[in-house]
Amino acid sequence: MYFSRIRDLREDNELNQEKAASVLGVTQTTYSKYELGKITVPTESLIKLADFYKVSLDYLVGRDAGPAKAEPVRPGLY
């Protein structure tokens, strides 16, 4: 499911959950539940994450096997 992809993208970009949560305007606890698949990530948040990580929404939700290669996220740009 997509929750493993958002975790992998966050870790690949060396971000902690607090920083990723701030991109979405949610708490770290809510973000953690997204990554664990305990709650559904709202569509608008998935779009924000896809834009932030510069990947397609299809990749993020598991409809595409590989992400488009993009520059790593630079902390402080959000």
# chains A, B, ... in the order shown; residues from 1 in each chain; ligands from 1
call {"tool": "residues_around", "arguments": {"residues": "segment 5-11 of chain A", "least_positions_apart": "4", "cutoff": "8 Å", "atoms": "only C-alpha atoms", "output": "CSV table (one decimal) with N, CA and C atoms, in the first residue's frame"}}
result
chain,number,residue,atom,x,y,z
A,1,MET,N,0.8,-1.2,0.0
A,1,MET,CA,0.0,0.0,0.0
A,1,MET,C,0.9,1.2,0.0
A,15,LEU,N,14.2,12.7,6.3
A,15,LEU,CA,13.3,13.6,7.1
A,15,LEU,C,12.7,12.8,8.2
A,16,ASN,N,12.5,13.4,9.3
A,16,ASN,CA,11.8,12.8,10.4
A,16,ASN,C,10.3,13.0,10.2
A,17,GLN,N,9.5,12.3,11.0
A,17,GLN,CA,8.0,12.3,10.9
A,17,GLN,C,7.5,13.7,11.2
A,20,ALA,N,7.9,15.8,8.0
A,20,ALA,CA,7.0,15.4,7.0
A,20,ALA,C,5.6,15.8,7.4
A,35,GLU,N,1.6,6.5,8.0
A,35,GLU,CA,2.6,5.6,7.6
A,35,GLU,C,2.3,4.1,8.1
A,49,LEU,N,2.1,15.4,-0.9
A,49,LEU,CA,3.3,14.6,-0.7
A,49,LEU,C,3.9,14.3,-2.1
A,53,TYR,N,7.7,15.4,-2.8
A,53,TYR,CA,8.8,14.5,-3.1
A,53,TYR,C,9.1,14.4,-4.6
A,60,LEU,N,3.0,7.1,-5.8
A,60,LEU,CA,2.7,7.2,-4.4
A,60,LEU,C,1.6,6.3,-3.9
A,61,VAL,N,0.6,6.0,-4.8
A,61,VAL,CA,-0.5,5.2,-4.3
A,61,VAL,C,-0.3,3.7,-4.9
A,62,GLY,N,0.8,3.4,-5.5
A,62,GLY,CA,1.1,2.1,-5.9
A,62,GLY,C,0.6,1.7,-7.3
call {"tool": "atom_distance", "arguments": {"atom1": "atom CA of Gly25 of chain A", "atom2": "atom CA of Lys48 of chain A"}}
result
10.3 Å
call {"tool": "atom_distance", "arguments": {"atom1": "atom CA of Thr29 of chain A", "atom2": "atom CA of Thr43 of chain A"}}
result
18.4 Å
call {"tool": "residues_around", "arguments": {"residues": "Glu18 of chain A", "least_positions_apart": "6", "cutoff": "8 Å", "atoms": "only C-alpha atoms", "output": "PDB file with N, CA and C atoms, in the first residue's frame"}}
result
ATOM      1  N   THR A  27      -0.297  16.736  12.763  1.00  0.00           N
ATOM      2  CA  THR A  27       0.595  16.400  13.867  1.00  0.00           C
ATOM      3  C   THR A  27       1.457  15.203  13.501  1.00  0.00           C
ATOM      4  N   GLN A  28       2.518  15.014  14.249  1.00  0.00           N
ATOM      5  CA  GLN A  28       3.386  13.854  14.042  1.00  0.00           C
ATOM      6  C   GLN A  28       2.605  12.577  14.295  1.00  0.00           C
ATOM      7  N   TYR A  31       0.545  11.825  11.251  1.00  0.00           N
ATOM      8  CA  TYR A  31       1.425  11.370  10.177  1.00  0.00           C
ATOM      9  C   TYR A  31       1.878   9.929  10.425  1.00  0.00           C
TER      10      TYR A  31
END
call {"tool": "select_by_dssp", "arguments": {"residues": "segment 3-68 of chain A", "states": "alpha helix (DSSP H)", "output": "PyMOL selection string"}}
result
chain A and resi 3-12+17-24+28-36+43-53+57-60
call {"tool": "atom_distance", "arguments": {"atom1": "atom CA of Ser4 of chain A", "atom2": "atom CA of Thr30 of chain A"}}
result
15.1 Å
